[in-house]
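A.B. asks: Next comes the structure file my_file.txt, holding compact mmCIF, C-alpha atoms and all ligand atoms.
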```txt
# COMPACT_ATOMS: atom_id res chain seq x y z
CA MET A 57 76.51 69.52 131.96
CA GLN A 58 77.80 66.43 133.73
CA THR A 59 81.51 66.19 134.51
CA PRO A 60 82.84 63.36 132.40
CA GLN A 61 84.88 60.55 133.90
CA PRO A 62 88.60 61.33 133.68
CA LEU A 63 90.49 59.40 131.09
CA PHE A 64 92.72 56.92 132.89
CA LEU A 65 95.96 57.71 131.15
CA PRO A 66 99.22 56.13 132.31
CA ARG A 67 101.04 59.27 131.37
CA ARG A 68 99.83 62.84 131.16
CA MET A 69 102.55 64.93 129.57
CA ARG A 70 100.83 68.18 130.46
CA ARG A 71 101.80 67.61 134.12
CA LEU A 72 105.30 68.63 132.97
CA ARG A 73 104.06 72.00 131.73
CA ARG A 74 101.54 73.11 134.33
CA THR A 75 103.31 76.04 135.99
CA PRO A 76 106.16 78.39 135.17
CA GLY A 77 108.09 76.76 138.04
CA THR A 78 107.72 73.26 136.61
CA ARG A 79 108.62 74.45 133.15
CA ALA A 80 111.77 76.18 134.39
CA LEU A 81 112.81 73.11 136.37
CA LEU A 82 112.43 70.83 133.39
CA GLN A 83 113.91 73.05 130.70
CA GLU A 84 116.53 71.01 128.82
CA THR A 85 118.37 73.74 126.92
CA ARG A 86 119.20 77.32 127.76
CA VAL A 87 120.92 80.10 125.87
CA THR A 88 123.01 82.56 127.88
CA ALA A 89 125.14 85.51 126.84
CA ASN A 90 128.18 83.33 127.51
CA ASP A 91 127.25 81.13 124.56
CA LEU A 92 127.20 83.99 122.09
CA VAL A 93 129.84 85.55 119.87
CA ALA A 94 129.21 88.99 118.39
CA PRO A 95 130.37 89.49 114.79
CA LEU A 96 131.65 93.06 114.33
CA PHE A 97 132.30 95.01 111.14
CA VAL A 98 135.26 97.36 111.21
CA ARG A 99 136.37 100.02 108.73
CA ALA A 100 139.49 102.20 108.52
CA GLU A 101 137.63 105.51 108.18
CA SER A 102 136.73 107.39 111.36
CA GLY A 103 133.34 109.02 111.85
CA PRO A 104 130.07 107.75 113.27
CA PRO A 105 129.12 104.08 112.79
CA ASP A 106 127.32 103.60 109.49
CA PRO A 107 124.29 101.31 109.47
CA VAL A 108 124.14 98.26 107.22
CA PRO A 109 120.78 98.75 105.44
CA SER A 110 119.87 95.06 105.13
CA MET A 111 120.81 94.35 108.76
CA PRO A 112 118.84 96.71 111.03
CA GLY A 113 120.76 97.39 114.24
CA VAL A 114 124.15 96.36 112.72
CA HIS A 115 126.80 98.95 111.98
CA ARG A 116 130.28 99.27 110.51
CA PHE A 117 132.51 100.83 113.14
CA GLY A 118 135.56 103.03 113.01
CA LEU A 119 138.16 102.09 115.60
CA ASP A 120 137.04 104.42 118.43
CA ASP A 121 133.43 103.31 118.35
CA LEU A 122 134.46 99.69 117.92
CA LEU A 123 136.42 99.86 121.16
CA LYS A 124 133.43 101.35 122.96
CA GLU A 125 131.27 98.57 121.57
CA CYS A 126 133.74 95.95 122.82
CA VAL A 127 133.73 97.35 126.35
CA GLU A 128 129.95 97.39 126.34
CA LEU A 129 129.72 93.81 125.06
CA LEU A 130 132.10 92.53 127.72
CA THR A 131 130.13 94.35 130.42
CA ILE A 132 126.89 92.61 129.47
CA GLY A 133 128.46 89.15 129.36
CA ILE A 134 129.64 88.62 125.78
CA ARG A 135 133.04 86.91 125.89
CA ALA A 136 134.09 86.92 122.26
CA VAL A 137 133.87 88.93 119.07
CA ALA A 138 134.48 87.89 115.46
CA LEU A 139 136.03 90.65 113.37
CA PHE A 140 135.23 91.36 109.72
CA PRO A 141 136.89 94.20 107.83
CA ARG A 142 135.45 96.51 105.23
CA ILE A 143 138.47 97.21 103.07
CA ALA A 144 138.64 100.30 100.86
CA PRO A 145 138.31 99.39 97.14
CA GLN A 146 141.72 100.90 96.31
CA LEU A 147 143.41 98.41 98.67
CA LYS A 148 141.93 95.39 96.90
CA ASP A 149 143.68 93.36 94.21
CA PRO A 150 143.21 89.93 92.59
CA HIS A 151 145.54 88.29 95.14
CA GLY A 152 144.19 89.93 98.27
CA ALA A 153 147.70 91.15 99.17
CA GLU A 154 146.36 93.51 101.83
CA ALA A 155 145.36 90.45 103.90
CA LEU A 156 149.07 89.88 104.52
CA ASN A 157 149.80 93.40 105.73
CA SER A 158 150.81 93.09 109.39
CA GLN A 159 149.99 96.81 109.83
CA GLY A 160 146.61 96.41 108.12
CA LEU A 161 143.17 97.18 109.51
CA ILE A 162 142.57 93.86 111.27
CA PRO A 163 145.98 93.50 112.99
CA GLN A 164 145.71 97.12 114.19
CA THR A 165 142.18 96.56 115.42
CA ILE A 166 143.18 93.42 117.30
CA ARG A 167 146.04 95.20 119.08
CA ALA A 168 143.75 98.06 120.07
CA ILE A 169 141.03 95.75 121.43
CA LYS A 170 143.56 93.71 123.39
CA GLN A 171 144.82 96.88 125.01
CA GLU A 172 141.36 98.19 125.85
CA CYS A 173 139.71 94.91 126.93
CA PRO A 174 142.20 92.07 127.26
CA ALA A 175 139.55 89.67 128.58
CA LEU A 176 137.52 89.83 125.38
CA GLN A 177 138.42 86.95 123.08
CA ILE A 178 139.05 87.81 119.47
CA ILE A 179 138.21 85.56 116.56
CA THR A 180 139.64 86.55 113.20
CA ASP A 181 138.17 85.44 109.92
CA ILE A 182 140.76 83.75 107.72
CA ALA A 183 139.67 84.15 104.08
CA LEU A 184 140.60 86.55 101.32
CA ASP A 185 137.19 87.79 100.18
CA PRO A 186 137.23 91.19 101.90
CA TYR A 187 140.61 91.83 100.22
CA THR A 188 140.21 90.48 96.67
CA SER A 189 138.93 92.66 93.83
CA HIS A 190 136.81 89.76 92.53
CA GLY A 191 135.33 88.92 95.95
CA HIS A 192 136.33 85.25 96.02
CA ASP A 193 137.76 83.75 99.19
CA GLY A 194 141.03 82.84 97.51
CA VAL A 195 143.51 83.52 94.73
CA LEU A 196 142.40 82.67 91.19
CA ASP A 197 144.34 80.14 89.09
CA PHE A 198 146.50 81.12 86.13
CA GLU A 199 143.54 81.24 83.73
CA GLY A 200 141.55 83.25 86.25
CA ASN A 201 138.72 80.71 86.18
CA GLU A 202 138.82 79.01 89.50
CA VAL A 203 140.08 79.59 93.01
CA ASP A 204 143.49 77.90 93.28
CA ASN A 205 143.43 75.76 96.41
CA ASP A 206 147.08 75.39 97.28
CA LEU A 207 148.11 78.96 96.48
CA THR A 208 145.24 80.17 98.64
CA VAL A 209 146.19 77.91 101.54
CA ASN A 210 149.64 79.41 101.48
CA SER A 211 148.21 82.94 101.91
CA LEU A 212 145.77 81.82 104.59
CA ALA A 213 148.50 80.27 106.71
CA GLN A 214 150.44 83.54 106.60
CA MET A 215 147.30 85.52 107.38
CA ALA A 216 146.63 83.30 110.39
CA VAL A 217 150.14 83.87 111.76
CA ILE A 218 149.85 87.64 111.26
CA THR A 219 146.54 87.93 113.10
CA ALA A 220 147.65 85.52 115.83
CA LYS A 221 150.80 87.57 116.40
CA ALA A 222 148.64 90.68 116.65
CA GLY A 223 146.76 88.97 119.50
CA ALA A 224 143.86 86.97 118.06
CA ASP A 225 142.83 84.15 120.40
CA TRP A 226 141.19 82.15 117.63
CA VAL A 227 141.72 82.07 113.91
CA ALA A 228 138.67 81.02 111.94
CA PRO A 229 139.31 79.84 108.38
CA SER A 230 136.05 80.44 106.49
CA ASP A 231 137.35 79.78 102.99
CA MET A 232 136.63 76.03 102.54
CA MET A 233 139.97 75.24 100.86
CA ASP A 234 141.24 71.68 101.28
CA GLY A 235 144.05 71.21 103.77
CA ARG A 236 143.97 74.69 105.23
CA VAL A 237 143.42 73.68 108.83
CA GLY A 238 146.53 71.47 108.86
CA ALA A 239 148.59 74.13 107.10
CA ILE A 240 147.44 76.82 109.53
CA ARG A 241 148.17 74.64 112.57
CA LYS A 242 151.64 73.91 111.23
CA ALA A 243 152.33 77.59 110.52
CA LEU A 244 151.09 78.70 113.95
CA ASP A 245 153.12 76.06 115.77
CA GLY A 246 156.15 76.89 113.63
CA ALA A 247 155.87 80.50 114.78
CA GLY A 248 155.58 79.40 118.41
CA LEU A 249 151.88 80.34 118.55
CA ILE A 250 150.78 77.14 120.24
CA GLY A 251 148.06 78.81 122.31
CA THR A 252 146.15 80.18 119.32
CA GLY A 253 143.13 78.02 118.58
CA ILE A 254 141.53 77.13 115.26
CA LEU A 255 137.78 77.59 114.99
CA ALA A 256 137.20 75.94 111.64
CA TYR A 257 134.29 76.84 109.41
CA SER A 258 134.23 73.13 108.61
CA VAL A 259 130.76 72.85 107.22
CA LYS A 260 130.06 75.97 105.23
CA PHE A 261 127.41 75.78 102.57
CA ALA A 262 127.19 77.75 99.33
CA SER A 263 124.27 79.69 100.71
CA ALA A 264 122.07 82.53 99.54
CA TYR A 265 121.83 83.65 103.17
CA TYR A 266 125.18 85.48 103.05
CA GLY A 267 123.78 88.33 100.93
CA PRO A 268 123.53 91.05 103.63
CA PHE A 269 127.03 90.19 104.91
CA ARG A 270 128.52 90.73 101.46
CA GLU A 271 126.89 94.13 101.39
CA ALA A 272 128.33 94.91 104.84
CA VAL A 273 131.94 94.05 103.95
CA GLY A 274 131.60 95.13 100.33
CA SER A 275 132.88 91.80 99.02
CA GLN A 276 130.42 91.54 96.18
CA SER A 277 132.52 92.62 93.21
CA PRO A 278 130.93 95.54 91.37
CA ALA A 279 131.80 93.82 88.08
CA ALA A 280 129.93 90.66 89.02
CA SER A 281 126.32 90.48 87.98
CA GLY A 282 124.15 88.85 90.60
CA TYR A 283 125.24 86.80 93.58
CA LEU A 284 128.86 85.62 93.51
CA ASP A 285 129.00 81.87 92.92
CA LYS A 286 131.24 80.01 95.38
CA GLN A 287 130.04 76.48 94.58
CA THR A 288 133.49 75.17 93.63
CA TYR A 289 134.59 75.47 97.25
CA GLN A 290 131.58 75.87 99.53
CA LEU A 291 129.36 72.83 100.18
CA ASN A 292 126.28 71.91 98.20
CA PRO A 293 123.26 72.63 100.45
CA ALA A 294 121.86 69.24 99.42
CA ASN A 295 124.71 67.23 100.96
CA SER A 296 124.88 66.16 104.54
CA ARG A 297 127.16 63.05 104.31
CA GLU A 298 129.75 65.15 102.49
CA SER A 299 129.55 67.78 105.21
CA LEU A 300 130.36 65.20 107.88
CA GLN A 301 133.45 64.21 105.91
CA GLU A 302 134.58 67.84 105.75
CA ALA A 303 134.23 68.05 109.52
CA LYS A 304 136.16 64.81 110.03
CA LEU A 305 139.06 66.11 107.94
CA ASP A 306 139.24 69.37 109.89
CA GLU A 307 139.19 67.44 113.14
CA ASP A 308 142.03 65.20 111.95
CA GLU A 309 144.03 68.23 110.80
CA GLY A 310 143.86 69.73 114.29
CA ALA A 311 140.84 72.04 114.46
CA ASP A 312 139.87 72.89 118.05
CA ILE A 313 136.24 73.84 117.37
CA LEU A 314 134.11 72.87 114.36
CA MET A 315 131.50 75.19 112.91
CA VAL A 316 128.35 74.75 110.84
CA LYS A 317 127.13 77.69 108.75
CA PRO A 318 124.42 78.85 108.17
CA ALA A 319 122.76 77.58 111.33
CA GLY A 320 118.94 77.61 111.20
CA PRO A 321 118.46 75.93 107.80
CA TYR A 322 121.08 73.27 108.67
CA LEU A 323 120.03 72.06 112.13
CA ASP A 324 119.93 68.47 110.87
CA VAL A 325 123.60 68.70 109.91
CA LEU A 326 124.47 70.23 113.28
CA ALA A 327 122.66 67.42 115.11
CA ARG A 328 124.40 64.75 113.03
CA LEU A 329 127.78 66.35 113.58
CA ARG A 330 127.07 66.48 117.32
CA MET A 331 126.89 62.68 117.25
CA GLN A 332 130.02 62.28 115.13
CA THR A 333 132.51 64.39 117.09
CA GLY A 334 133.54 65.04 120.66
CA LEU A 335 134.90 68.49 119.79
CA PRO A 336 133.05 71.68 120.74
CA LEU A 337 130.64 72.86 118.04
CA ALA A 338 129.87 76.35 116.88
CA ALA A 339 127.08 77.51 114.60
CA TYR A 340 126.84 80.78 112.69
CA GLN A 341 123.40 82.33 112.50
CA VAL A 342 124.27 84.29 109.38
CA SER A 343 123.29 87.69 108.06
CA GLY A 344 120.35 86.41 106.00
CA GLU A 345 118.85 84.58 108.98
CA TYR A 346 119.12 87.80 110.97
CA ALA A 347 117.69 89.90 108.13
CA GLN A 348 114.68 87.59 107.72
CA ILE A 349 113.66 87.92 111.35
CA GLN A 350 114.28 91.68 111.40
CA ALA A 351 112.32 92.24 108.20
CA ALA A 352 109.31 90.24 109.37
CA ALA A 353 109.38 92.02 112.73
CA ALA A 354 109.60 95.42 111.05
CA ASN A 355 106.41 94.56 109.18
CA GLY A 356 104.71 93.54 112.39
CA TRP A 357 104.51 89.94 111.15
CA LEU A 358 106.64 88.34 113.84
CA ASP A 359 107.51 89.32 117.38
CA LEU A 360 111.20 90.22 117.32
CA LYS A 361 112.34 89.05 120.75
CA SER A 362 110.46 85.81 120.96
CA THR A 363 111.38 84.82 117.40
CA ARG A 364 115.02 85.69 118.08
CA ASP A 365 115.09 83.69 121.31
CA GLU A 366 113.40 80.69 119.71
CA ALA A 367 115.82 80.69 116.77
CA LEU A 368 118.84 80.79 119.09
CA LEU A 369 117.39 78.11 121.37
CA ALA A 370 116.82 75.81 118.39
CA ILE A 371 120.47 76.16 117.36
CA LYS A 372 121.64 75.32 120.87
CA ARG A 373 119.22 72.39 121.14
CA ALA A 374 120.50 70.94 117.85
CA GLY A 375 123.98 70.74 119.36
CA ALA A 376 125.83 74.05 119.21
CA ASP A 377 127.98 75.03 122.19
CA LEU A 378 128.50 78.53 120.90
CA ILE A 379 126.62 80.67 118.42
CA LEU A 380 127.87 83.52 116.27
CA THR A 381 124.90 85.86 115.97
CA TYR A 382 124.16 89.48 115.14
CA PHE A 383 121.59 89.31 117.96
CA ALA A 384 124.35 88.84 120.56
CA LYS A 385 124.24 92.33 122.01
CA ASP A 386 120.45 92.66 122.18
CA PHE A 387 120.07 89.19 123.63
CA ALA A 388 122.72 89.81 126.28
CA ARG A 389 121.24 93.19 127.14
CA ASP A 390 117.76 91.72 127.56
CA SER A 391 119.02 88.93 129.76
CA SER A 392 121.43 90.89 131.94
C1 LIG B 401 133.57 84.86 103.77
C2 LIG B 401 132.52 84.90 104.81
C3 LIG B 401 131.16 85.02 104.54
C4 LIG B 401 130.51 85.06 105.76
C5 LIG B 401 131.48 84.99 106.76
N1 LIG B 401 132.72 84.89 106.15
C6 LIG B 401 130.43 85.17 103.24
C7 LIG B 401 130.70 84.28 102.11
O1 LIG B 401 131.23 83.18 102.26
O2 LIG B 401 130.40 84.71 101.01
C8 LIG B 401 129.04 85.19 105.90
C9 LIG B 401 128.53 85.62 107.22
C10 LIG B 401 127.13 86.08 107.18
O3 LIG B 401 126.40 85.98 106.17
O4 LIG B 401 126.70 86.58 108.23
N2 LIG B 401 134.71 84.18 104.01
```
As structure tokens, what does this structure read like?
C.D. replies:
Amino acid sequence: MQTPQPLFLPRRMRRLRRTPGTRALLQETRVTANDLVAPLFVRAESGPPDPVPSMPGVHRFGLDDLLKECVELLTIGIRAVALFPRIAPQLKDPHGAEALNSQGLIPQTIRAIKQECPALQIITDIALDPYTSHGHDGVLDFEGNEVDNDLTVNSLAQMAVITAKAGADWVAPSDMMDGRVGAIRKALDGAGLIGTGILAYSVKFASAYYGPFREAVGSQSPAASGYLDKQTYQLNPANSRESLQEAKLDEDEGADILMVKPAGPYLDVLARLRMQTGLPLAAYQVSGEYAQIQAAAANGWLDLKSTRDEALLAIKRAGADLILTYFAKDFARDSS
């Protein structure tokens, strides 16, 4: 066969991809362990870590094992953890009073981590759902129909001060109440906690992807049938303009970092927000995103590591500076 004449193309894009060296040189986005935050589930009971069935590789830790995990994470390059408590059912009530116990599970855990590994940054979740008997993120109104915004904000501001005093570096309101960022900033400053930052879950959608997390913290009320509906406070997945407004309000109220959650299904929102704000952006690759990849990999339908790496890279490329992900430890281990 005769060699055909080359096409005379002004630009051949494949020159940019010819060798591993070229590709590495031209790579626009990279994920490193330093970008990742590991969410950790903590419980009061001692004993070996118990696995979360819908999240292979994720466990609920008693304090001793949690501390070991923290040391290990720091050693492989993870700089921050986000703590989530599994609260015993007998400590829950409709108001989530246990959230305001300064000797509770989370404040105690924070103090212990800060003693064991002071360099590890701690992010505490500010919302009432692990503590309420109904599983909502706030206090219900008088009729018990809806989450009462202003009453809830009052509790959240106290909760933020309690966890900040215990040593949290960042408080992360994940409740989606109006005005909570401003109220939390005011409460922190009023208590002299000017160095504690606010990582605001600014753009949090009413998502089906939180299912495995609710199993892990036990926040799905046993009385509730089906998936708990949080649509009166979390964002409608259909709305991106509204989500930008939420982010703008949090920025104006003094948030230090803005977060989008879930991450993968909302990359368009993340990219738009990247253009709107000069603040650092976080994204939360949530439990359901993790479970999907794990489940497909367990069936042999997807390659675990390359799918994981691609999903994280996509979140970074869309505009996230930091990513909360249940893959943090495995990713850091593989890249260290
Ligand atoms: C609740 C909270 C949720 C998550 C983090 N904080 C669940 C919810 O809003 O119902 C979800 C995290 C995940 O799915 O990994 N304040």
A.B. asks: Just checking: using all atoms listed in the file, which residue out of A:Thr75, A:Thr85, A:Gln61, A:Thr188 ends up closest to Gly274 in chain A?
C.D. replies: A:Thr188
A.B. asks: With only C-alpha atoms as the atoms that count, which of A:Ala272, A:Ile179, A:Leu378, A:Ala351 lies nearest to Met315 in chain A?
C.D. replies: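 Checking each candidate against Met315 in chain A, we get A:Leu378 as the closest.
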A.B. asks: All residues within 8 Å of ligand LIG 401 (chain B) are required, counting all atoms listed in the file; please report them as an MDAnalysis selection string.
C.D. replies: chainID A and resid 140 181:186 192:193 229:231 260 262:263 265:270 275 284 286 290 318 340:344 381:382
A.B. asks: Give me, please, the distance in Å between CA of Arg167 in chain A and CA of Met232 in chain A, quoted to one decimal.
C.D. replies: 27.0 Å
A.B. asks: Choose the residue, out of A:Glu307, A:Asp204, A:Glu298, A:Asp377, that has the smallest atom-to-atom separation from Val87 in chain A; count all atoms listed in the file.
C.D. replies: A:Asp377
A.B. asks: Mind listing as a VMD selection string all residues within 12 Å of (132.5, 100.7, 110.0), counting only C-alpha atoms?
C.D. replies: chain A and resid 96 to 108 114 to 123 125 139 to 144 161 165 272 to 274
A.B. asks: Could you tell me how far CA of Ile166 in chain A sits from CA of Ile178 in chain A, in Å to one decimal place?
C.D. replies: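 Rounded to one decimal, the two atoms are 7.3 Å apart.
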A.B. asks: What gap, in Å, lies between CA of Ala367 in chain A and CA of Tyr322 in chain A?
C.D. replies: 12.2 Å
A.B. asks: Choose the residue, out of A:Pro109, A:Gly77, A:Pro95, A:Pro321, that has the smallest atom-to-atom separation from Val137 in chain A; count all atoms listed in the file.
C.D. replies: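 Among the listed residues, the smallest separation from Val137 in chain A belongs to A:Pro95.
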A.B. asks: Under the rule that all atoms listed in the file are counted, which of A:His190, A:Arg373, A:Arg236, A:Arg241 is the nearest residue to Ser211 in chain A?
C.D. replies: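 Ranking A:His190, A:Arg373, A:Arg236, A:Arg241 by distance to Ser211 in chain A, first place goes to A:Arg236.
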A.B. asks: Which neighbours of Leu255 in chain A fall inside 7 Å, counting only C-alpha atoms, when residues of the same chain fewer than 4 positions from it are skipped, and could you give them as a list of chain:residue names?
C.D. replies: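 Answer for this query is A:Trp226, A:Val227, A:Ala228, A:Ala311, A:Asp312, A:Ile313, A:Leu314.
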A.B. asks: Can you spit out the residues from that selection as a PDB file, in the frame of the given file, using C-alpha atoms?
C.D. replies:
```pdb
ATOM      1  CA  TRP A 226     141.190  82.150 117.630  1.00  0.00           C
ATOM      2  CA  VAL A 227     141.720  82.070 113.910  1.00  0.00           C
ATOM      3  CA  ALA A 228     138.670  81.020 111.940  1.00  0.00           C
ATOM      4  CA  ALA A 311     140.840  72.040 114.460  1.00  0.00           C
ATOM      5  CA  ASP A 312     139.870  72.890 118.050  1.00  0.00           C
ATOM      6  CA  ILE A 313     136.240  73.840 117.370  1.00  0.00           C
ATOM      7  CA  LEU A 314     134.110  72.870 114.360  1.00  0.00           C
TER       8      LEU A 314
END
```
A.B. asks: Let me make sure I understand: among A:Leu82, A:Ala213, A:Leu129, A:Met233, which one has the smallest atom-to-atom distance to Phe387 in chain A if we use all atoms listed in the file?
C.D. replies: A:Leu129
A.B. asks: Do a neighbour search on Gly235 in chain A at 12 Å with only C-alpha atoms, toss out local chain neighbours closer than 6 positions, and write the hits as a PyMOL selection string.
C.D. replies: chain A and resi 205-210+212-213+229+241-242+256+258+302-311
A.B. asks: Using only C-alpha atoms, which protein or nucleic acid residues come within 9 Å of Cys126 in chain A? Drop anything in the same chain fewer than 5 positions from it, and give the result as number ranges by chain.
C.D. replies: A: 121, 131, 134, 137, 169, 172-173, 176
